[in-house]
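Next comes entry_34.pdb, with PDB, C-alpha atoms.
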```pdb
MODEL        1
ATOM      1  CA  MET P 133      86.706 105.666  76.711
ATOM      2  CA  ASP P 134      86.007 109.408  76.762
ATOM      3  CA  THR P 135      86.085 111.620  79.852
ATOM      4  CA  LYS P 136      82.321 111.508  80.462
ATOM      5  CA  GLU P 137      82.210 107.723  80.203
ATOM      6  CA  GLN P 138      85.209 107.440  82.513
ATOM      7  CA  MET P 139      83.524 109.671  85.097
ATOM      8  CA  ILE P 140      80.301 107.608  84.971
ATOM      9  CA  THR P 141      82.354 104.422  85.395
ATOM     10  CA  TYR P 142      84.125 105.726  88.493
ATOM     11  CA  ILE P 143      80.838 107.003  89.935
ATOM     12  CA  ALA P 144      79.337 103.539  89.399
ATOM     13  CA  LEU P 145      82.285 101.917  91.192
ATOM     14  CA  SER P 146      82.067 104.413  94.051
ATOM     15  CA  LEU P 147      78.348 103.670  94.462
ATOM     16  CA  THR P 148      79.066  99.933  94.430
ATOM     17  CA  ALA P 149      81.633 100.256  97.223
ATOM     18  CA  LEU P 150      79.278 102.548  99.170
ATOM     19  CA  PHE P 151      76.250 100.236  98.878
ATOM     20  CA  TRP P 152      78.169  97.070  99.736
ATOM     21  CA  GLY P 153      80.032  98.816 102.539
ATOM     22  CA  LEU P 154      76.762 100.021 104.061
ATOM     23  CA  SER P 155      75.090  96.614 103.601
ATOM     24  CA  PHE P 156      76.739  95.280 106.775
ATOM     25  CA  VAL P 157      75.314  98.190 108.760
ATOM     26  CA  GLY P 158      71.916  97.771 107.073
ATOM     27  CA  THR P 159      71.876  94.100 108.027
ATOM     28  CA  LYS P 160      72.742  94.949 111.629
ATOM     29  CA  ILE P 161      69.845  97.437 111.825
ATOM     30  CA  ALA P 162      67.365  95.057 110.158
ATOM     31  CA  LEU P 163      68.276  92.281 112.609
ATOM     32  CA  GLU P 164      67.045  94.464 115.477
ATOM     33  CA  SER P 165      63.473  93.809 114.281
ATOM     34  CA  PHE P 166      63.679  90.692 112.126
ATOM     35  CA  SER P 167      65.099  87.239 112.757
ATOM     36  CA  VAL P 168      67.949  85.977 110.583
ATOM     37  CA  PHE P 169      65.668  83.714 108.557
ATOM     38  CA  THR P 170      63.002  86.395 108.121
ATOM     39  CA  LEU P 171      65.581  88.879 106.858
ATOM     40  CA  ILE P 172      67.146  86.374 104.444
ATOM     41  CA  LEU P 173      63.712  85.402 103.117
ATOM     42  CA  MET P 174      62.603  89.006 102.576
ATOM     43  CA  ARG P 175      65.880  90.163 101.011
ATOM     44  CA  PHE P 176      66.248  87.375  98.494
ATOM     45  CA  SER P 177      62.587  86.754  97.720
ATOM     46  CA  LEU P 178      62.205  90.389  96.685
ATOM     47  CA  ALA P 179      65.501  90.399  94.753
ATOM     48  CA  SER P 180      64.582  87.151  92.979
ATOM     49  CA  LEU P 181      61.143  88.507  92.120
ATOM     50  CA  LEU P 182      62.744  91.562  90.504
ATOM     51  CA  PHE P 183      65.146  89.380  88.496
ATOM     52  CA  PHE P 184      62.273  87.079  87.480
ATOM     53  CA  LEU P 185      60.197  90.035  86.234
ATOM     54  CA  PHE P 186      63.227  91.376  84.362
ATOM     55  CA  PHE P 187      63.808  88.008  82.670
ATOM     56  CA  LEU P 188      60.088  87.736  81.926
ATOM     57  CA  PHE P 189      60.252  91.075  80.108
ATOM     58  CA  ARG P 190      63.645  90.571  78.392
ATOM     59  CA  GLY P 191      63.672  86.812  77.941
ATOM     60  CA  PHE P 192      65.106  84.074  80.145
ATOM     61  CA  PRO P 193      68.792  83.108  79.809
ATOM     62  CA  ARG P 194      69.482  80.126  77.542
ATOM     63  CA  PHE P 195      71.661  77.894  79.694
ATOM     64  CA  SER P 196      72.429  74.323  78.739
ATOM     65  CA  LYS P 197      71.086  71.563  81.006
ATOM     66  CA  LYS P 198      74.626  70.943  82.280
ATOM     67  CA  ASP P 199      75.126  74.628  83.103
ATOM     68  CA  HIS P 200      71.742  74.788  84.882
ATOM     69  CA  ILE P 201      72.945  71.957  87.134
ATOM     70  CA  LYS P 202      76.219  73.787  87.720
ATOM     71  CA  ILE P 203      74.430  77.041  88.623
ATOM     72  CA  ILE P 204      72.221  75.156  91.090
ATOM     73  CA  ALA P 205      75.355  73.618  92.629
ATOM     74  CA  THR P 206      77.067  77.003  92.917
ATOM     75  CA  ALA P 207      73.882  78.583  94.306
ATOM     76  CA  VAL P 208      74.283  76.300  97.321
ATOM     77  CA  PHE P 209      77.411  78.298  98.175
ATOM     78  CA  GLN P 210      76.229  81.686  96.851
ATOM     79  CA  PRO P 211      73.784  83.050  97.864
ATOM     80  CA  ALA P 212      72.470  80.232 100.107
ATOM     81  CA  LEU P 213      75.399  79.393 102.407
ATOM     82  CA  TYR P 214      77.142  82.749 102.012
ATOM     83  CA  PHE P 215      74.224  84.849 103.194
ATOM     84  CA  PHE P 216      73.225  82.312 105.836
ATOM     85  CA  PHE P 217      76.719  82.641 107.370
ATOM     86  CA  GLU P 218      76.980  86.397 106.765
ATOM     87  CA  THR P 219      73.612  87.276 108.300
ATOM     88  CA  PHE P 220      74.193  85.083 111.362
ATOM     89  CA  GLY P 221      77.736  86.470 111.617
ATOM     90  CA  ILE P 222      76.568  90.083 111.647
ATOM     91  CA  GLU P 223      73.963  89.221 114.285
ATOM     92  CA  TYR P 224      76.684  88.095 116.715
ATOM     93  CA  THR P 225      79.748  90.186 115.813
ATOM     94  CA  THR P 226      80.233  93.844 114.876
ATOM     95  CA  ALA P 227      79.563  95.129 111.361
ATOM     96  CA  SER P 228      83.036  96.683 111.160
ATOM     97  CA  LYS P 229      84.776  93.365 111.894
ATOM     98  CA  ALA P 230      82.491  91.540 109.465
ATOM     99  CA  GLY P 231      83.417  93.937 106.650
ATOM    100  CA  ILE P 232      87.139  93.442 107.223
ATOM    101  CA  ILE P 233      86.905  89.638 107.426
ATOM    102  CA  VAL P 234      84.940  89.512 104.158
ATOM    103  CA  ALA P 235      87.743  91.491 102.496
ATOM    104  CA  THR P 236      89.879  88.320 102.636
ATOM    105  CA  ILE P 237      87.736  86.555 100.004
ATOM    106  CA  PRO P 238      90.143  87.230  97.071
ATOM    107  CA  MET P 239      92.989  85.565  98.963
ATOM    108  CA  VAL P 240      90.911  82.473  99.727
ATOM    109  CA  VAL P 241      89.977  82.349  96.024
ATOM    110  CA  LEU P 242      93.691  82.328  95.165
ATOM    111  CA  LEU P 243      94.287  79.535  97.655
ATOM    112  CA  PHE P 244      91.407  77.397  96.321
ATOM    113  CA  SER P 245      92.416  78.057  92.704
ATOM    114  CA  SER P 246      95.944  76.943  93.466
ATOM    115  CA  LEU P 247      94.942  73.846  95.457
ATOM    116  CA  PHE P 248      92.130  72.544  93.255
ATOM    117  CA  PHE P 249      92.874  73.923  89.779
ATOM    118  CA  GLY P 250      96.638  74.207  89.772
ATOM    119  CA  GLU P 251      96.544  77.980  89.219
ATOM    120  CA  ARG P 252     100.020  79.447  89.400
ATOM    121  CA  THR P 253     100.606  81.851  92.238
ATOM    122  CA  ASN P 254     103.568  83.883  93.418
ATOM    123  CA  GLY P 255     105.367  84.885  96.573
ATOM    124  CA  PHE P 256     103.377  88.111  96.941
ATOM    125  CA  SER P 257     100.088  86.184  96.901
ATOM    126  CA  ILE P 258     101.360  83.770  99.557
ATOM    127  CA  MET P 259     102.631  86.690 101.628
ATOM    128  CA  GLY P 260      99.275  88.434 101.266
ATOM    129  CA  ALA P 261      97.409  85.319 102.414
ATOM    130  CA  LEU P 262      99.639  84.957 105.487
ATOM    131  CA  LEU P 263      99.355  88.647 106.347
ATOM    132  CA  SER P 264      95.570  88.561 106.008
ATOM    133  CA  PHE P 265      95.390  85.563 108.359
ATOM    134  CA  ILE P 266      97.559  87.400 110.910
ATOM    135  CA  GLY P 267      95.470  90.558 110.527
ATOM    136  CA  VAL P 268      92.176  88.709 111.042
ATOM    137  CA  MET P 269      93.565  86.929 114.123
ATOM    138  CA  ILE P 270      94.653  90.288 115.624
ATOM    139  CA  LEU P 271      91.227  91.728 114.779
ATOM    140  CA  VAL P 272      89.425  88.852 116.505
ATOM    141  CA  LEU P 273      91.730  88.343 119.515
ATOM    142  CA  GLY P 274      92.006  92.103 120.085
ATOM    143  CA  ASP P 275      88.257  92.380 120.696
ATOM    144  CA  PRO P 276      87.660  93.348 124.370
ATOM    145  CA  LYS P 277      84.636  90.993 124.345
ATOM    146  CA  PHE P 278      86.633  88.055 122.994
ATOM    147  CA  THR P 279      86.299  84.730 124.824
ATOM    148  CA  TRP P 280      87.297  81.223 123.782
ATOM    149  CA  SER P 281      83.723  79.962 124.231
ATOM    150  CA  LEU P 282      81.707  79.414 121.040
ATOM    151  CA  GLN P 283      79.296  82.264 121.620
ATOM    152  CA  GLY P 284      79.117  86.040 121.243
ATOM    153  CA  HIS P 285      81.631  87.763 118.987
ATOM    154  CA  LEU P 286      83.779  84.671 118.414
ATOM    155  CA  LEU P 287      80.756  82.762 117.110
ATOM    156  CA  GLY P 288      79.940  85.669 114.810
ATOM    157  CA  ASP P 289      83.534  85.827 113.564
ATOM    158  CA  LEU P 290      83.463  82.087 112.789
ATOM    159  CA  PHE P 291      80.227  82.541 110.853
ATOM    160  CA  MET P 292      81.938  85.293 108.824
ATOM    161  CA  VAL P 293      84.823  82.906 108.068
ATOM    162  CA  GLY P 294      82.179  80.461 106.803
ATOM    163  CA  ALA P 295      80.835  83.232 104.548
ATOM    164  CA  VAL P 296      84.327  83.866 103.159
ATOM    165  CA  ILE P 297      84.871  80.162 102.390
ATOM    166  CA  SER P 298      81.413  79.891 100.780
ATOM    167  CA  ALA P 299      81.975  82.922  98.539
ATOM    168  CA  ALA P 300      85.439  81.728  97.518
ATOM    169  CA  ALA P 301      84.141  78.222  96.724
ATOM    170  CA  TYR P 302      81.418  79.722  94.537
ATOM    171  CA  MET P 303      83.826  81.960  92.636
ATOM    172  CA  VAL P 304      86.186  79.086  91.891
ATOM    173  CA  MET P 305      83.368  76.769  90.801
ATOM    174  CA  ALA P 306      81.603  79.337  88.631
ATOM    175  CA  GLY P 307      84.685  80.812  86.958
ATOM    176  CA  ASP P 308      84.120  79.211  83.541
ATOM    177  CA  LEU P 309      80.437  80.239  83.451
ATOM    178  CA  GLY P 310      81.525  83.869  83.211
ATOM    179  CA  GLN P 311      83.363  83.083  79.978
ATOM    180  CA  ARG P 312      80.170  81.893  78.249
ATOM    181  CA  TYR P 313      77.343  83.916  79.787
ATOM    182  CA  SER P 314      76.808  87.472  80.981
ATOM    183  CA  ALA P 315      77.182  88.261  84.680
ATOM    184  CA  LEU P 316      73.578  89.525  84.666
ATOM    185  CA  ASP P 317      72.212  86.163  83.477
ATOM    186  CA  ILE P 318      74.422  84.189  85.879
ATOM    187  CA  THR P 319      73.654  86.268  88.966
ATOM    188  CA  GLY P 320      69.917  86.560  88.234
ATOM    189  CA  THR P 321      69.500  82.816  87.712
ATOM    190  CA  GLN P 322      71.775  82.077  90.648
ATOM    191  CA  MET P 323      69.719  84.401  92.857
ATOM    192  CA  ILE P 324      66.462  82.665  91.895
ATOM    193  CA  TYR P 325      67.879  79.176  92.477
ATOM    194  CA  GLY P 326      69.485  80.285  95.749
ATOM    195  CA  THR P 327      66.178  81.675  97.002
ATOM    196  CA  LEU P 328      64.407  78.405  96.159
ATOM    197  CA  LEU P 329      67.080  76.547  98.146
ATOM    198  CA  LEU P 330      66.711  78.902 101.126
ATOM    199  CA  LEU P 331      62.906  79.018 101.028
ATOM    200  CA  PRO P 332      62.083  75.718 102.827
ATOM    201  CA  VAL P 333      64.530  76.377 105.691
ATOM    202  CA  CYS P 334      63.456  80.013 106.088
ATOM    203  CA  LEU P 335      59.737  79.144 106.094
ATOM    204  CA  TRP P 336      60.333  76.316 108.590
ATOM    205  CA  GLN P 337      62.249  78.626 110.935
ATOM    206  CA  LEU P 338      60.080  81.691 110.335
ATOM    207  CA  PRO P 339      58.970  83.121 113.697
ATOM    208  CA  PRO P 340      55.863  85.250 114.201
ATOM    209  CA  ALA P 341      56.829  88.899 113.689
ATOM    210  CA  PRO P 342      54.104  91.337 114.766
ATOM    211  CA  LEU P 343      54.104  94.480 112.638
ATOM    212  CA  ALA P 344      54.008  96.602 115.770
ATOM    213  CA  ALA P 345      57.424  95.256 116.779
ATOM    214  CA  THR P 346      58.980  96.280 113.471
ATOM    215  CA  SER P 347      60.753  99.650 113.428
ATOM    216  CA  VAL P 348      60.740 102.059 110.520
ATOM    217  CA  GLN P 349      64.539 101.916 110.499
ATOM    218  CA  ALA P 350      64.429  98.123 110.017
ATOM    219  CA  ILE P 351      62.009  98.406 107.084
ATOM    220  CA  VAL P 352      64.191 101.079 105.457
ATOM    221  CA  ALA P 353      67.237  98.836 106.013
ATOM    222  CA  VAL P 354      65.533  95.899 104.261
ATOM    223  CA  LEU P 355      64.533  98.081 101.307
ATOM    224  CA  PHE P 356      68.115  99.356 101.114
ATOM    225  CA  LEU P 357      69.485  95.802 101.147
ATOM    226  CA  VAL P 358      67.162  94.698  98.342
ATOM    227  CA  PHE P 359      67.162  97.662  95.974
ATOM    228  CA  LEU P 360      70.608  99.196  96.530
ATOM    229  CA  ALA P 361      72.943  96.637  98.146
ATOM    230  CA  THR P 362      71.678  93.764  95.971
ATOM    231  CA  ILE P 363      70.164  95.120  92.728
ATOM    232  CA  GLY P 364      71.708  98.616  92.488
ATOM    233  CA  ALA P 365      75.263  97.638  93.391
ATOM    234  CA  PHE P 366      75.107  94.694  91.008
ATOM    235  CA  PHE P 367      74.151  96.852  88.031
ATOM    236  CA  CYS P 368      76.725  99.521  88.916
ATOM    237  CA  TYR P 369      79.531  96.989  89.216
ATOM    238  CA  ASN P 370      78.669  95.205  85.995
ATOM    239  CA  TYR P 371      78.488  98.493  84.115
ATOM    240  CA  ALA P 372      81.977  99.326  85.396
ATOM    241  CA  LEU P 373      83.331  95.888  84.432
ATOM    242  CA  SER P 374      82.130  96.467  80.874
ATOM    243  CA  LYS P 375      84.292  99.598  80.712
ATOM    244  CA  ILE P 376      87.500  98.869  82.645
ATOM    245  CA  ALA P 377      89.579  95.850  83.685
ATOM    246  CA  ALA P 378      88.519  93.904  86.757
ATOM    247  CA  SER P 379      91.924  94.523  88.343
ATOM    248  CA  ARG P 380      91.289  98.289  88.275
ATOM    249  CA  ALA P 381      87.703  97.902  89.455
ATOM    250  CA  SER P 382      88.835  95.835  92.440
ATOM    251  CA  LEU P 383      90.813  98.776  93.798
ATOM    252  CA  PHE P 384      87.490 100.546  94.461
ATOM    253  CA  ILE P 385      85.960  97.409  95.994
ATOM    254  CA  ASN P 386      88.848  97.285  98.469
ATOM    255  CA  ALA P 387      87.346 100.420 100.029
ATOM    256  CA  ILE P 388      84.353  98.422 101.326
ATOM    257  CA  PRO P 389      85.879  97.555 104.765
ATOM    258  CA  VAL P 390      86.840 101.196 105.290
ATOM    259  CA  ILE P 391      83.304 102.372 104.441
ATOM    260  CA  THR P 392      81.846  99.715 106.740
ATOM    261  CA  ALA P 393      84.123 100.729 109.627
ATOM    262  CA  ILE P 394      83.265 104.442 109.261
ATOM    263  CA  ALA P 395      79.515 103.786 108.874
ATOM    264  CA  SER P 396      79.546 101.397 111.869
ATOM    265  CA  TRP P 397      81.197 104.104 113.958
ATOM    266  CA  VAL P 398      78.834 106.909 112.846
ATOM    267  CA  ILE P 399      75.533 104.978 112.690
ATOM    268  CA  LEU P 400      75.951 102.111 115.164
ATOM    269  CA  GLY P 401      78.492 103.617 117.546
ATOM    270  CA  GLU P 402      80.860 100.667 117.085
ATOM    271  CA  ARG P 403      84.524 101.233 117.872
ATOM    272  CA  LEU P 404      87.657  99.335 116.957
ATOM    273  CA  ASN P 405      90.446  99.674 119.505
ATOM    274  CA  ALA P 406      94.014 100.463 118.468
ATOM    275  CA  LEU P 407      95.018  96.781 118.286
ATOM    276  CA  GLN P 408      92.007  95.919 116.120
ATOM    277  CA  MET P 409      92.643  98.889 113.831
ATOM    278  CA  GLY P 410      96.179  97.595 113.402
ATOM    279  CA  GLY P 411      94.824  94.156 112.477
ATOM    280  CA  GLY P 412      92.374  95.725 110.030
ATOM    281  CA  ALA P 413      95.177  97.759 108.441
ATOM    282  CA  ILE P 414      97.218  94.558 107.966
ATOM    283  CA  VAL P 415      94.235  92.882 106.247
ATOM    284  CA  LEU P 416      93.704  95.847 103.895
ATOM    285  CA  PHE P 417      97.411  95.937 103.035
ATOM    286  CA  ALA P 418      97.350  92.184 102.379
ATOM    287  CA  VAL P 419      94.326  92.564 100.076
ATOM    288  CA  TYR P 420      96.078  95.352  98.166
ATOM    289  CA  LEU P 421      99.281  93.325  97.916
ATOM    290  CA  THR P 422      97.411  90.288  96.619
ATOM    291  CA  ASN P 423      95.306  92.218  94.098
ATOM    292  CA  TYR P 424      98.274  94.193  92.795
ATOM    293  CA  PHE P 425     100.548  91.225  92.200
ATOM    294  CA  THR P 426      97.971  88.525  91.489
ATOM    295  CA  THR P 427      98.234  86.551  88.271
ATOM    296  CA  ARG P 428      96.045  87.606  85.358
ATOM    297  CA  LYS P 429      94.404  84.214  85.121
ATOM    298  CA  VAL P 430      92.760  84.452  88.507
ATOM    299  CA  VAL P 431      91.287  87.949  88.150
ATOM    300  CA  PRO P 432      88.379  87.071  85.805
ATOM    301  CA  ARG P 433      87.532  84.177  88.088
ATOM    302  CA  MET P 434      87.103  86.530  91.024
ATOM    303  CA  ALA P 435      85.170  89.137  89.084
ATOM    304  CA  SER P 436      82.691  86.922  87.273
ATOM    305  CA  SER P 437      79.993  87.574  89.849
ATOM    306  CA  PRO P 438      80.077  90.752  91.878
ATOM    307  CA  SER P 439      77.005  89.994  93.949
ATOM    308  CA  ASP P 440      79.098  88.111  96.285
ATOM    309  CA  ILE P 441      78.960  90.739  99.049
TER
ENDMDL
END
```

Rewrite the structure from the file as structure tokens, please.
Amino acid sequence: MDTKEQMITYIALSLTALFWGLSFVGTKIALESFSVFTLILMRFSLASLLFFLFFLFRGFPRFSKKDHIKIIATAVFQPALYFFFETFGIEYTTASKAGIIVATIPMVVLLFSSLFFGERTNGFSIMGALLSFIGVMILVLGDPKFTWSLQGHLLGDLFMVGAVISAAAYMVMAGDLGQRYSALDITGTQMIYGTLLLLPVCLWQLPPAPLAATSVQAIVAVLFLVFLATIGAFFCYNYALSKIAASRASLFINAIPVITAIASWVILGERLNALQMGGGAIVLFAVYLTNYFTTRKVVPRMASSPSDI
């Protein structure tokens, strides 16, 4: 890879981290004008329409009947359950906490891979998983608004944990698909199936939303989520994965919680206290520790579909 190609690759990775890091803030802004179900419906209907038009122009992926069934099954977890939990989570908790909790996905993938597929792990991975759990607990319990009742920030944090489990379950289930098909074909088809799964629930729960009550900021946030956080980041990340190893690419993705925390502070005025910042730092260190010492077999499994944020 020459210098120019290397520079483009790193720019693509930087844009991916930026778009996904800002997506939590964008969701928070959009939820000020739209309900959870309205936002989910708009974001994924538009994204699916773009993928459908792309496939219509280029040709639809040739999956076997068995793989179509598997993609439908994985679409239940991603995007359906993942974005259901994530969007509800961001509505109740802060964007900065949501970004840090989501950073634990690779460690849950390692845990699932070890439990259900017998993937070999090592002491550093186990240590990383334990540290991340401790860090998330400090982050949650250190919140000045924390209460033990299932409402407010705690409810939002639990929804984010549901998003983490959903994303990890998808990555483990869909790992072998990435060995036979391109990430573009998998994610596009998965997005379309996921939208079809979400459509009945979203339409059933769709509240009336007068245009006058919709802010310009919310509309811009939705457009950002569709075109940059979903489509743009996906293409950038897949371009980078075609040039460098997933293990190197993941180092850039680890910057997402930091970007989210800074953007939440600047745009939303959210603040993490000293105890929460300590918990967040423990989570980021645990993610780095796990990614650095993880086994080679698990890395492709985690990187087969980058939409997962």

Between CA of Ile414 (chain P) and CA of Ala361 (chain P) - distance in Å to one decimal =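 Rounded to one decimal, the two atoms are 26.3 Å apart.
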
To verify the selection step, state as a PyMOL selection string which residues the PyMOL selection byres ((chain P and resi 220) around 12) yields on this input.
-> chain P and resi 156+159-160+163+166-172+213-219+221-227+230+283-295

Between CA of Gly364 (chain P) and CA of Leu147 (chain P), distance in Å (one decimal) |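 Going from CA of Gly364 (chain P) over to CA of Leu147 (chain P), I get 8.6 Å.
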
Compile the contact shell of region 260-271 of chain P as a list in words: residues with an atom at most 6 Å away, counting all atoms listed in the file, same-chain residues fewer than 3 positions apart removed.
->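 Near neighbours after the sequence-gap exclusion: Met239, Phe256, Ser257, Gly274, Gln408, Gly411, Ile414, Val415, Ala418, Leu421 and Thr422 of chain P.
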
Of the candidates P:Leu173, P:Leu185, P:Leu145, P:Leu416, which shows the shortest atom-to-atom distance to Tyr369 (chain P), using only C-alpha atoms?
->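 Under the stated criterion, the closest residue is P:Leu145.
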
CA of Val157 (chain P) to CA of Ala350 (chain P), distance in Å rounded to a single decimal =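 Going from CA of Val157 (chain P) over to CA of Ala350 (chain P) covers 11.0 Å.
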
Considering only C-alpha atoms, state which residue in the set P:Ala387, P:Val419, P:Met305, P:Ala315 is at the smallest distance from Ile203 (chain P).
->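 Using only C-alpha atoms, the shortest distance to Ile203 (chain P) belongs to P:Met305.
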
List, as a list in words, every residue that the PyMOL selection byres ((chain P and resi 299) around 9) selects in the file provided.
->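 Applying the PyMOL selection byres ((chain P and resi 299) around 9) to the structure shown produces Phe209, Gln210, Pro211, Leu213, Tyr214, Ile237, Val241, Gly294, Ala295, Val296, Ile297, Ser298, Ala300, Ala301, Tyr302, Met303, Val304, Asp440 and Ile441 of chain P.
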
Check the smallest atom-to-atom distance from each of P:Ser228, P:Ser245, P:Thr327, P:Gln311 to Ile394 (chain P) using all atoms listed in the file, then report the winner.
->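 Among the listed residues, the smallest separation from Ile394 (chain P) belongs to P:Ser228.
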